[in-house]
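Undergrad: The structure's right below; bear with me while I get my questions together.
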Amino acid sequence: MVTRRWSTRHPSPDPDAPKVVVIGGGFAGLNVVKRLANEPVRVTIVDQHNFHTFLPLLYQVATAGLEPTDVAYPIRTIFGQSRNVNFRHARASGVDVTHRVVTLERGDEIAFDHLVLAGGATAAFFGVPGAREHALPLYSLSDARRLRNHLLLALEDADTRSEATPVPLSFVVVGGGPTGVETAGALSELLDVCVRRDRLRIDREATRVILIDTAQRLLGTFPESASRYAAAQLKRKGVDVRLGEAVVSVDATGVTLRGGERINTTTVVWAAGVTALNTIADRVGIEPGPTGRVTVRSDLSVVGCTNIWAVGDGAAVIDGATGDVCAQLAPVAIQSGRHCAEQILNVITKRETTAFVYHDKGIMATIGRRSAVAKLHSGTVVKGTVGWMAWLALHLFYLIGFRNRIRVLINWTWRYFDWPSGPRLIIADAATEE
Ligand SMILES: Cc1cc2nc3c(=O)[nH]c(=O)nc-3n(C[C@H](O)[C@H](O)[C@H](O)COP(=O)(O)OP(=O)(O)OC[C@H]3O[C@@H](n4cnc5c(N)ncnc54)[C@H](O)[C@@H]3O)c2cc1C
C-alpha cells in the first residue's frame with residue numbers, strides 16, 4: 001500500500017482526543033493552533049473572516065500604500081496540512097460555560113473540552129457623542145478599505161468642487177498612539193502625492209491633517225525622546241499636532257473640542273484606543289477586567305472557569321516576571337497564544353501548568369518614509385532611517401505568508417524608488433462597503 005508522506009507525518013486525529021475550540025484567528029489564536037497542530041487533540045479554529053489580518057499594516061491599506069490582500073492570509077491555507085485542525089467560518093455569539101458549548105451566530109453549536117478566547121478587541125469610543133456613528137475606526141480590513149475609499153472620495157470630491165479655485169480640506173486623526181501617529185504621517189504623504197502626482201486640485205498649503213490627543217505627548221508608551229522626535233517629524237510633514245486637547249463630540253460635518261473649538265471635516269479617523277467590551281470575551285458571563293479584558297490567572301486560564309483560557313488583546317495577560325498587565329501588542333498575543341497551547345497540553349497530560357512570562361523585544365512606530373522610532377528591550381531608542389529599516393524588516397518577518405512578504409517587499413522597494421506609486425483605487429462605494 002502506498003502511503004502519502006504527509007498522512008504518516010500527520011495522522012488522522014483520534015476521534016476521542018480532547019476537543020479544543022479557539023475563537024479568533026488573529027496573532028493569538030493562530031499561535032495557539034500552530035502549537036496544537038499535530039498534537040493529540042482535535043482543534044477547531046473559528047473566525048468571522050476566513051483570513052488572518054496583519055493589523056499593524058492596516059494604516060498602509062487605509063492610506064493607499066498597500067492592497068488589502070497584502071495584509072490578509074487565508075486561515076485554511078495556514079493549517080491545510082494539519083489533519084487535527086478544522087476551520088469554521090462563523091461568528092461566535094456566546095459561550096455556555098456549564099455545558100461547554102460555543103454558540104455561533106447562525107444558531108449552531110460547537111462542543112469543547114478546552115476553549116480559548118482569542119477574539120481580540122475593538123475600537124473604544126469612550127462614550128464620545130457621535131463618534132461611533134461618524135468617526136472611522138481602524139481595527140479590521142473592512143475598516144481600512146472603508147477609510148481608504150472615504151479618503152479618496154473626499155479628495156475627488158474636493159477636486160470636483162475646485163473648478164475655480166482649489167479648496168482646502170481638513171482631516172482629523174484622534175489618538176496619538178502608534179496607530180494615530182502612523183496614520184497621520186501616511187495621510188500627509190498621501191495628500192502630497194495626490195497633489196503632485198495625480199494633480200488633484202486641492203489647496204495643499206491650506207489642507208490640514210490634525211492629530212489630537214488628550215495626553216501631553218505622543219506615543220505615551222515610548223521614552224520622551226521618541227515622543228519629541230515623532231512630534232517634530234509630523235510637524236515637518238505639515239501635521240498639526242494638538243496635545244492636551246479632547247474631542248468631545250463628532251458629527252457629520254466635524255468635531256468639537258473641549259474648549260469649544262470647532263473643526264469642520266468629513267473625515268475623522270478614530271485611533272483613540274481599544275476595548276474588549278462587547279467582544280466575545282465579554283459574553284462568557286465573567287465580570288470583565290480592565291478595559292473589558294478577561295481576567296486570567298498567571299497560566300492564562302480564565303478566573304472562575306475550568307478549561308477556559310484567554311489570550312491576546314481580549315485578555316488581561318499578566319507578565320509573570322513583573323506582575324504587570326501586558327500591553328495589547330502583537331508580540332504579547334503571539335507569546336500568550338503559544339504559552340496557552342502549552343498549558344492545554346500540560347492539563348491534558350496531567351502536568352502542572354506554568355505562569356506566562358513576557359519576553360519584551362521592544363516597541364516601534366513609523367512616522368513616514370525613512371522615519372520611525374524603536375525602543376529596544378535595553379531601553380535604547382533608535383530613530384530615523386535606521387529605525388525605519390528595522391521597522392520594515394520586523395514587519396516583513398512577522399507578516400504571514402511567503403507570497404505576502406514578497407509582494408510587500410516589492411511594493412515597498414518600488415515605492416522607495418518611485419515614491420508616488422500606490423494603489424489609489426476607489427474599488428467600492430465608501431457608504432456601502434462592509
Ligand atoms: C491599526 C493597528 C495597528 C497596530 N500596530 C501594532 C504594531 O505596530 N505593533 C504591535 O505589536 N501591535 C500592533 N497592534 C496591536 C496588535 O495588532 C494586536 O495586539 C494583536 O493583533 C492582537 O492579537 P489578537 O489575536 O488578540 O487579536 P486580533 O489580531 O484582533 O484577532 C482577533 C481575531 O478574532 C476574530 N474574531 C473576533 N470576534 C470573533 C467572533 N465573535 N467570532 C469569530 N471570530 C472573531 C477576528 O476576526 C480576528 O481575526 C496594532 C493594532 C491595530 C488595530
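In the C-alpha cells, the first chain shown is A, the next is B, and so on; residue numbers restart at 1 for each chain, and ligands run from 1 in the order shown.
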Could you list the protein, DNA and RNA residues that have any atom within 7 Å of ligand 1, counting only C-alpha atoms and all ligand atoms, and write them as an mmCIF file with N, CA, C and O atoms, in the first residue's frame?
TA:
```
data_model
loop_
_atom_site.group_PDB
_atom_site.id
_atom_site.type_symbol
_atom_site.label_atom_id
_atom_site.label_comp_id
_atom_site.auth_asym_id
_atom_site.auth_seq_id
_atom_site.Cartn_x
_atom_site.Cartn_y
_atom_site.Cartn_z
ATOM 1 N N ILE A 23 -11.475 30.585 19.511
ATOM 2 C CA ILE A 23 -12.256 31.641 18.850
ATOM 3 C C ILE A 23 -11.305 32.776 18.493
ATOM 4 O O ILE A 23 -10.792 33.468 19.363
ATOM 5 N N GLY A 24 -11.073 32.936 17.182
ATOM 6 C CA GLY A 24 -10.216 34.028 16.716
ATOM 7 C C GLY A 24 -8.975 33.529 16.015
ATOM 8 O O GLY A 24 -8.232 32.718 16.560
ATOM 9 N N GLY A 25 -8.767 34.017 14.796
ATOM 10 C CA GLY A 25 -7.576 33.648 14.019
ATOM 11 C C GLY A 25 -6.640 34.823 13.867
ATOM 12 O O GLY A 25 -6.033 35.024 12.817
ATOM 13 N N GLY A 26 -6.524 35.623 14.922
ATOM 14 C CA GLY A 26 -5.536 36.708 14.930
ATOM 15 C C GLY A 26 -4.187 36.165 15.376
ATOM 16 O O GLY A 26 -3.960 34.948 15.368
ATOM 17 N N PHE A 27 -3.310 37.056 15.797
ATOM 18 C CA PHE A 27 -1.970 36.617 16.212
ATOM 19 C C PHE A 27 -2.057 35.582 17.332
ATOM 20 O O PHE A 27 -1.326 34.595 17.342
ATOM 21 N N ALA A 28 -2.946 35.821 18.305
ATOM 22 C CA ALA A 28 -3.018 34.940 19.467
ATOM 23 C C ALA A 28 -3.584 33.579 19.076
ATOM 24 O O ALA A 28 -2.961 32.537 19.332
ATOM 25 N N GLY A 29 -4.752 33.575 18.424
ATOM 26 C CA GLY A 29 -5.411 32.322 18.066
ATOM 27 C C GLY A 29 -4.545 31.478 17.140
ATOM 28 O O GLY A 29 -4.420 30.258 17.323
ATOM 29 N N VAL A 46 -12.285 29.065 14.994
ATOM 30 C CA VAL A 46 -13.487 29.758 14.496
ATOM 31 C C VAL A 46 -13.113 31.214 14.249
ATOM 32 O O VAL A 46 -12.558 31.872 15.132
ATOM 33 N N ASP A 47 -13.412 31.716 13.068
ATOM 34 C CA ASP A 47 -13.222 33.151 12.843
ATOM 35 C C ASP A 47 -14.331 33.665 11.927
ATOM 36 O O ASP A 47 -14.767 32.962 11.020
ATOM 37 N N GLN A 48 -14.725 34.911 12.187
ATOM 38 C CA GLN A 48 -15.778 35.524 11.375
ATOM 39 C C GLN A 48 -15.273 35.859 9.968
ATOM 40 O O GLN A 48 -16.073 36.096 9.060
ATOM 41 N N HIS A 49 -13.948 35.903 9.810
ATOM 42 C CA HIS A 49 -13.344 36.079 8.487
ATOM 43 C C HIS A 49 -12.594 34.797 8.138
ATOM 44 O O HIS A 49 -12.083 34.132 9.040
ATOM 45 N N HIS A 52 -6.591 35.618 8.184
ATOM 46 C CA HIS A 52 -5.910 36.313 9.282
ATOM 47 C C HIS A 52 -5.546 37.704 8.777
ATOM 48 O O HIS A 52 -5.145 37.861 7.627
ATOM 49 N N THR A 53 -5.688 38.706 9.624
ATOM 50 C CA THR A 53 -5.324 40.080 9.218
ATOM 51 C C THR A 53 -4.116 40.550 10.004
ATOM 52 O O THR A 53 -4.087 40.435 11.237
ATOM 53 N N PHE A 54 -3.141 41.091 9.286
ATOM 54 C CA PHE A 54 -1.943 41.641 9.926
ATOM 55 C C PHE A 54 -2.244 43.104 10.267
ATOM 56 O O PHE A 54 -2.023 44.014 9.470
ATOM 57 N N LEU A 55 -2.795 43.312 11.469
ATOM 58 C CA LEU A 55 -3.298 44.640 11.844
ATOM 59 C C LEU A 55 -2.241 45.752 11.788
ATOM 60 O O LEU A 55 -2.577 46.888 11.428
ATOM 61 N N PRO A 56 -0.967 45.491 12.147
ATOM 62 C CA PRO A 56 -0.010 46.604 12.157
ATOM 63 C C PRO A 56 0.163 47.323 10.813
ATOM 64 O O PRO A 56 0.639 48.454 10.788
ATOM 65 N N LEU A 57 -0.230 46.686 9.707
ATOM 66 C CA LEU A 57 -0.079 47.373 8.414
ATOM 67 C C LEU A 57 -1.413 47.884 7.859
ATOM 68 O O LEU A 57 -1.464 48.339 6.713
ATOM 69 N N LEU A 58 -2.451 47.862 8.669
ATOM 70 C CA LEU A 58 -3.766 48.337 8.186
ATOM 71 C C LEU A 58 -3.704 49.787 7.743
ATOM 72 O O LEU A 58 -4.356 50.186 6.776
ATOM 73 N N TYR A 59 -2.927 50.588 8.472
ATOM 74 C CA TYR A 59 -2.898 52.013 8.133
ATOM 75 C C TYR A 59 -2.336 52.221 6.724
ATOM 76 O O TYR A 59 -2.679 53.181 6.041
ATOM 77 N N ALA A 90 -17.284 31.385 10.898
ATOM 78 C CA ALA A 90 -18.518 31.759 11.603
ATOM 79 C C ALA A 90 -18.196 32.783 12.676
ATOM 80 O O ALA A 90 -17.049 32.912 13.106
ATOM 81 N N ARG A 91 -19.228 33.476 13.085
ATOM 82 C CA ARG A 91 -19.062 34.427 14.188
ATOM 83 C C ARG A 91 -19.603 33.780 15.456
ATOM 84 O O ARG A 91 -20.766 33.360 15.494
ATOM 85 N N ALA A 92 -18.759 33.669 16.464
ATOM 86 C CA ALA A 92 -19.205 33.104 17.740
ATOM 87 C C ALA A 92 -20.007 34.167 18.479
ATOM 88 O O ALA A 92 -19.580 35.314 18.578
ATOM 89 N N SER A 93 -21.188 33.755 18.978
ATOM 90 C CA SER A 93 -22.030 34.763 19.632
ATOM 91 C C SER A 93 -22.154 34.552 21.139
ATOM 92 O O SER A 93 -22.589 35.436 21.861
ATOM 93 N N ALA A 118 -9.794 34.123 21.894
ATOM 94 C CA ALA A 118 -8.724 34.879 21.238
ATOM 95 C C ALA A 118 -9.356 35.832 20.222
ATOM 96 O O ALA A 118 -8.849 36.015 19.117
ATOM 97 N N GLY A 119 -10.465 36.447 20.629
ATOM 98 C CA GLY A 119 -11.238 37.292 19.703
ATOM 99 C C GLY A 119 -10.742 38.725 19.596
ATOM 100 O O GLY A 119 -11.346 39.546 18.900
ATOM 101 N N GLY A 120 -9.647 39.041 20.290
ATOM 102 C CA GLY A 120 -9.081 40.389 20.158
ATOM 103 C C GLY A 120 -9.933 41.455 20.837
ATOM 104 O O GLY A 120 -10.718 41.172 21.748
ATOM 105 N N ALA A 121 -9.788 42.669 20.358
ATOM 106 C CA ALA A 121 -10.500 43.813 20.942
ATOM 107 C C ALA A 121 -11.177 44.572 19.801
ATOM 108 O O ALA A 121 -11.184 44.116 18.655
ATOM 109 N N LEU A 138 -10.048 52.010 12.860
ATOM 110 C CA LEU A 138 -9.104 51.246 12.047
ATOM 111 C C LEU A 138 -8.733 49.989 12.822
ATOM 112 O O LEU A 138 -7.686 49.918 13.465
ATOM 113 N N TYR A 139 -9.638 49.015 12.789
ATOM 114 C CA TYR A 139 -9.340 47.801 13.544
ATOM 115 C C TYR A 139 -9.534 46.522 12.724
ATOM 116 O O TYR A 139 -9.264 45.436 13.203
ATOM 117 N N SER A 140 -10.021 46.660 11.501
ATOM 118 C CA SER A 140 -10.207 45.464 10.673
ATOM 119 C C SER A 140 -9.911 45.830 9.227
ATOM 120 O O SER A 140 -9.790 47.018 8.886
ATOM 121 N N PRO A 178 0.663 54.762 18.526
ATOM 122 C CA PRO A 178 1.273 54.349 17.253
ATOM 123 C C PRO A 178 0.313 54.406 16.066
ATOM 124 O O PRO A 178 0.681 54.909 15.003
ATOM 125 N N THR A 179 -0.941 53.933 16.230
ATOM 126 C CA THR A 179 -1.858 53.917 15.081
ATOM 127 C C THR A 179 -2.159 55.328 14.601
ATOM 128 O O THR A 179 -2.143 55.608 13.396
ATOM 129 N N THR A 279 -17.096 42.334 22.909
ATOM 130 C CA THR A 279 -16.500 41.307 22.043
ATOM 131 C C THR A 279 -16.877 39.955 22.658
ATOM 132 O O THR A 279 -17.524 39.893 23.701
ATOM 133 N N ILE A 280 -16.416 38.875 22.052
ATOM 134 C CA ILE A 280 -16.765 37.541 22.563
ATOM 135 C C ILE A 280 -16.242 37.351 23.995
ATOM 136 O O ILE A 280 -16.847 36.651 24.808
ATOM 137 N N VAL A 311 -6.399 34.784 25.692
ATOM 138 C CA VAL A 311 -5.076 35.248 25.248
ATOM 139 C C VAL A 311 -5.222 36.491 24.368
ATOM 140 O O VAL A 311 -6.320 36.820 23.905
ATOM 141 N N GLY A 312 -4.107 37.171 24.148
ATOM 142 C CA GLY A 312 -4.089 38.313 23.226
ATOM 143 C C GLY A 312 -4.790 39.536 23.773
ATOM 144 O O GLY A 312 -4.940 39.719 24.982
ATOM 145 N N ASP A 313 -5.260 40.374 22.852
ATOM 146 C CA ASP A 313 -5.844 41.678 23.208
ATOM 147 C C ASP A 313 -7.071 41.576 24.109
ATOM 148 O O ASP A 313 -7.380 42.510 24.839
ATOM 149 N N GLY A 314 -7.790 40.453 24.025
ATOM 150 C CA GLY A 314 -9.027 40.321 24.782
ATOM 151 C C GLY A 314 -8.808 39.902 26.225
ATOM 152 O O GLY A 314 -9.758 39.817 26.997
ATOM 153 N N GLN A 328 -1.500 45.694 24.900
ATOM 154 C CA GLN A 328 -2.177 44.984 23.803
ATOM 155 C C GLN A 328 -1.332 45.112 22.533
ATOM 156 O O GLN A 328 -1.525 46.013 21.724
ATOM 157 N N LEU A 329 -0.371 44.218 22.422
ATOM 158 C CA LEU A 329 0.596 44.250 21.320
ATOM 159 C C LEU A 329 0.693 42.874 20.662
ATOM 160 O O LEU A 329 0.432 41.853 21.310
ATOM 161 N N ALA A 330 1.140 42.881 19.395
ATOM 162 C CA ALA A 330 1.255 41.616 18.657
ATOM 163 C C ALA A 330 2.180 40.611 19.359
ATOM 164 O O ALA A 330 1.809 39.436 19.474
ATOM 165 N N PRO A 331 3.369 41.018 19.854
ATOM 166 C CA PRO A 331 4.227 40.008 20.495
ATOM 167 C C PRO A 331 3.586 39.392 21.737
ATOM 168 O O PRO A 331 3.788 38.212 22.024
ATOM 169 N N VAL A 332 2.791 40.172 22.471
ATOM 170 C CA VAL A 332 2.097 39.618 23.645
ATOM 171 C C VAL A 332 1.091 38.562 23.169
ATOM 172 O O VAL A 332 0.976 37.472 23.741
ATOM 173 N N ALA A 333 0.361 38.902 22.096
ATOM 174 C CA ALA A 333 -0.632 37.958 21.556
ATOM 175 C C ALA A 333 0.053 36.672 21.090
ATOM 176 O O ALA A 333 -0.400 35.565 21.409
ATOM 177 N N ILE A 363 9.412 48.026 21.257
ATOM 178 C CA ILE A 363 8.236 48.517 20.527
ATOM 179 C C ILE A 363 8.697 49.492 19.447
ATOM 180 O O ILE A 363 9.761 50.107 19.583
ATOM 181 N N MET A 364 7.908 49.632 18.413
ATOM 182 C CA MET A 364 8.288 50.580 17.358
ATOM 183 C C MET A 364 7.071 51.191 16.679
ATOM 184 O O MET A 364 5.975 50.641 16.722
ATOM 185 N N ALA A 365 7.311 52.359 16.072
ATOM 186 C CA ALA A 365 6.243 53.026 15.307
ATOM 187 C C ALA A 365 6.910 53.806 14.185
ATOM 188 O O ALA A 365 8.004 54.351 14.363
#
```
Undergrad: Show me, as a tab-separated table, the residues of region 10-82 of chain A having an atom within 10 Å of region 345-353 of chain A, each with the closest atom pair and its distance in Å, using only C-alpha atoms.
TA:
```
residue	atom	partner	partner_atom	distance
A:Ala17	CA	A:Ile348	CA	9.7
A:Pro18	CA	A:Ile348	CA	7.9
A:Arg35	CA	A:Leu345	CA	9.6
A:Leu36	CA	A:Leu345	CA	8.1
A:Glu39	CA	A:Leu345	CA	8.5
A:Pro40	CA	A:Leu345	CA	8.8
A:Val41	CA	A:Leu345	CA	8.7
```
Undergrad: Name the residues of region 233-374 of chain A that fall into helix (DSSP H, G or I) according to DSSP on the backbone, using the chain letters and numbers of this document, as a PyMOL selection string.
TA: chain A and resi 233-236+280-283+290-292+312-314+330-348
Undergrad: Keeping N, CA, C and O atoms for every residue in the selection just given, could you write it to a file as a compact mmCIF listing (two decimals), in the first residue's frame?
TA:
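What follows is the written file again.txt:
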```
# COMPACT_ATOMS: atom_id res chain seq x y z
N GLN A 233 8.79 65.19 13.59
CA GLN A 233 8.68 64.62 12.24
C GLN A 233 7.29 64.89 11.65
O GLN A 233 7.16 65.22 10.47
N LEU A 234 6.27 64.76 12.47
CA LEU A 234 4.92 65.01 11.97
C LEU A 234 4.76 66.47 11.59
O LEU A 234 4.18 66.80 10.55
N LYS A 235 5.30 67.36 12.43
CA LYS A 235 5.19 68.80 12.11
C LYS A 235 5.91 69.10 10.80
O LYS A 235 5.45 69.89 10.00
N ARG A 236 7.05 68.44 10.60
CA ARG A 236 7.80 68.64 9.35
C ARG A 236 6.96 68.22 8.14
O ARG A 236 7.08 68.77 7.05
N ILE A 280 -16.42 38.87 22.05
CA ILE A 280 -16.76 37.54 22.56
C ILE A 280 -16.24 37.35 23.99
O ILE A 280 -16.85 36.65 24.81
N ALA A 281 -15.14 38.02 24.32
CA ALA A 281 -14.58 37.91 25.68
C ALA A 281 -15.58 38.39 26.73
O ALA A 281 -15.54 37.99 27.88
N ASP A 282 -16.48 39.24 26.28
CA ASP A 282 -17.46 39.86 27.17
C ASP A 282 -18.74 39.01 27.28
O ASP A 282 -19.67 39.37 27.98
N ARG A 283 -18.78 37.88 26.55
CA ARG A 283 -20.02 37.08 26.51
C ARG A 283 -19.89 35.76 27.23
O ARG A 283 -20.62 34.82 26.96
N PRO A 290 -9.85 45.15 33.43
CA PRO A 290 -9.56 46.46 32.86
C PRO A 290 -9.84 46.52 31.36
O PRO A 290 -9.53 45.57 30.65
N THR A 291 -10.46 47.62 30.90
CA THR A 291 -10.90 47.84 29.51
C THR A 291 -11.62 46.61 28.91
O THR A 291 -11.45 46.29 27.74
N GLY A 292 -12.40 45.97 29.77
CA GLY A 292 -13.24 44.86 29.30
C GLY A 292 -12.48 43.57 29.08
O GLY A 292 -13.06 42.57 28.65
N GLY A 312 -4.11 37.17 24.15
CA GLY A 312 -4.09 38.31 23.23
C GLY A 312 -4.79 39.54 23.77
O GLY A 312 -4.94 39.72 24.98
N ASP A 313 -5.26 40.37 22.85
CA ASP A 313 -5.84 41.68 23.21
C ASP A 313 -7.07 41.58 24.11
O ASP A 313 -7.38 42.51 24.84
N GLY A 314 -7.79 40.45 24.02
CA GLY A 314 -9.03 40.32 24.78
C GLY A 314 -8.81 39.90 26.22
O GLY A 314 -9.76 39.82 27.00
N ALA A 330 1.14 42.88 19.40
CA ALA A 330 1.26 41.62 18.66
C ALA A 330 2.18 40.61 19.36
O ALA A 330 1.81 39.44 19.47
N PRO A 331 3.37 41.02 19.85
CA PRO A 331 4.23 40.01 20.50
C PRO A 331 3.59 39.39 21.74
O PRO A 331 3.79 38.21 22.02
N VAL A 332 2.79 40.17 22.47
CA VAL A 332 2.10 39.62 23.65
C VAL A 332 1.09 38.56 23.17
O VAL A 332 0.98 37.47 23.74
N ALA A 333 0.36 38.90 22.10
CA ALA A 333 -0.63 37.96 21.56
C ALA A 333 0.05 36.67 21.09
O ALA A 333 -0.40 35.56 21.41
N ILE A 334 1.15 36.81 20.37
CA ILE A 334 1.87 35.63 19.84
C ILE A 334 2.37 34.76 21.00
O ILE A 334 2.13 33.56 21.04
N GLN A 335 3.05 35.41 21.94
CA GLN A 335 3.65 34.63 23.04
C GLN A 335 2.58 34.03 23.96
O GLN A 335 2.72 32.91 24.43
N SER A 336 1.51 34.80 24.22
CA SER A 336 0.48 34.25 25.11
C SER A 336 -0.24 33.10 24.41
O SER A 336 -0.63 32.11 25.05
N GLY A 337 -0.40 33.20 23.09
CA GLY A 337 -1.03 32.11 22.33
C GLY A 337 -0.22 30.82 22.46
O GLY A 337 -0.76 29.76 22.79
N ARG A 338 1.08 30.94 22.25
CA ARG A 338 1.94 29.75 22.35
C ARG A 338 1.91 29.17 23.76
O ARG A 338 1.80 27.96 23.95
N HIS A 339 1.97 30.07 24.74
CA HIS A 339 2.01 29.61 26.13
C HIS A 339 0.71 28.89 26.50
O HIS A 339 0.73 27.84 27.16
N CYS A 340 -0.39 29.44 26.04
CA CYS A 340 -1.69 28.85 26.34
C CYS A 340 -1.76 27.42 25.78
O CYS A 340 -2.23 26.50 26.47
N ALA A 341 -1.29 27.24 24.54
CA ALA A 341 -1.32 25.90 23.94
C ALA A 341 -0.50 24.92 24.79
O ALA A 341 -0.93 23.78 25.04
N GLU A 342 0.64 25.38 25.27
CA GLU A 342 1.48 24.51 26.12
C GLU A 342 0.72 24.12 27.39
O GLU A 342 0.81 22.99 27.85
N GLN A 343 -0.04 25.09 27.93
CA GLN A 343 -0.76 24.79 29.19
C GLN A 343 -1.89 23.80 28.95
O GLN A 343 -2.17 22.95 29.79
N ILE A 344 -2.55 23.91 27.79
CA ILE A 344 -3.62 22.95 27.47
C ILE A 344 -3.01 21.54 27.40
O ILE A 344 -3.56 20.58 27.95
N LEU A 345 -1.86 21.44 26.75
CA LEU A 345 -1.20 20.12 26.66
C LEU A 345 -0.78 19.65 28.05
O LEU A 345 -0.88 18.47 28.37
N ASN A 346 -0.34 20.57 28.90
CA ASN A 346 0.02 20.20 30.28
C ASN A 346 -1.18 19.63 31.02
O ASN A 346 -1.09 18.60 31.69
N VAL A 347 -2.34 20.30 30.88
CA VAL A 347 -3.54 19.83 31.59
C VAL A 347 -3.94 18.45 31.07
O VAL A 347 -4.25 17.53 31.85
N ILE A 348 -3.90 18.30 29.74
CA ILE A 348 -4.33 17.03 29.14
C ILE A 348 -3.41 15.88 29.59
O ILE A 348 -3.87 14.76 29.82
```
Undergrad: Give me, as a list in words, all polymer residues having an atom no more than 6 Å from region 146-156 of chain A, counting only C-alpha atoms and skipping those fewer than 4 positions away in the same chain.
TA: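 The filter keeps Ala62, Thr63, Ser142, Ile426 and Ala430 of chain A.
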Undergrad: Would you pick out the contacts of Glu189 (chain A) at 9 Å or less, using only C-alpha atoms, so that residues sharing its chain but fewer than 6 positions from it are not included, and give the list as a list in words?
TA: Thr63, Lys237, Gly368 and Arg369 of chain A
Undergrad: Applying 6 Å and only C-alpha atoms, which residues near region 386-399 of chain A remain after dropping the ones on its own chain fewer than 5 positions away? List them as a PyMOL selection string.
TA: chain A and resi 370-374+405
Undergrad: Those same residues, written as a PDB file, in the first residue's frame with N, CA, C and O atoms?
TA:
```
ATOM      1  N   ARG A 370      11.187  56.732   5.669  1.00  0.00           N
ATOM      2  CA  ARG A 370      12.511  56.884   6.274  1.00  0.00           C
ATOM      3  C   ARG A 370      12.468  57.509   7.656  1.00  0.00           C
ATOM      4  O   ARG A 370      13.406  58.186   8.069  1.00  0.00           O
ATOM      5  N   SER A 371      11.397  57.330   8.366  1.00  0.00           N
ATOM      6  CA  SER A 371      11.283  57.941   9.683  1.00  0.00           C
ATOM      7  C   SER A 371      10.487  57.030  10.614  1.00  0.00           C
ATOM      8  O   SER A 371       9.314  56.764  10.374  1.00  0.00           O
ATOM      9  N   ALA A 372      11.171  56.530  11.646  1.00  0.00           N
ATOM     10  CA  ALA A 372      10.499  55.651  12.609  1.00  0.00           C
ATOM     11  C   ALA A 372      11.221  55.744  13.945  1.00  0.00           C
ATOM     12  O   ALA A 372      12.348  56.235  14.021  1.00  0.00           O
ATOM     13  N   VAL A 373      10.552  55.284  14.988  1.00  0.00           N
ATOM     14  CA  VAL A 373      11.202  55.200  16.293  1.00  0.00           C
ATOM     15  C   VAL A 373      11.049  53.781  16.813  1.00  0.00           C
ATOM     16  O   VAL A 373      10.004  53.157  16.628  1.00  0.00           O
ATOM     17  N   ALA A 374      12.097  53.294  17.444  1.00  0.00           N
ATOM     18  CA  ALA A 374      12.031  51.966  18.048  1.00  0.00           C
ATOM     19  C   ALA A 374      12.652  52.057  19.432  1.00  0.00           C
ATOM     20  O   ALA A 374      13.700  52.664  19.605  1.00  0.00           O
ATOM     21  N   ARG A 405       4.847  38.371   1.905  1.00  0.00           N
ATOM     22  CA  ARG A 405       6.124  39.014   2.230  1.00  0.00           C
ATOM     23  C   ARG A 405       6.792  39.527   0.963  1.00  0.00           C
ATOM     24  O   ARG A 405       7.269  40.655   0.906  1.00  0.00           O
TER      25      ARG A 405
END
```
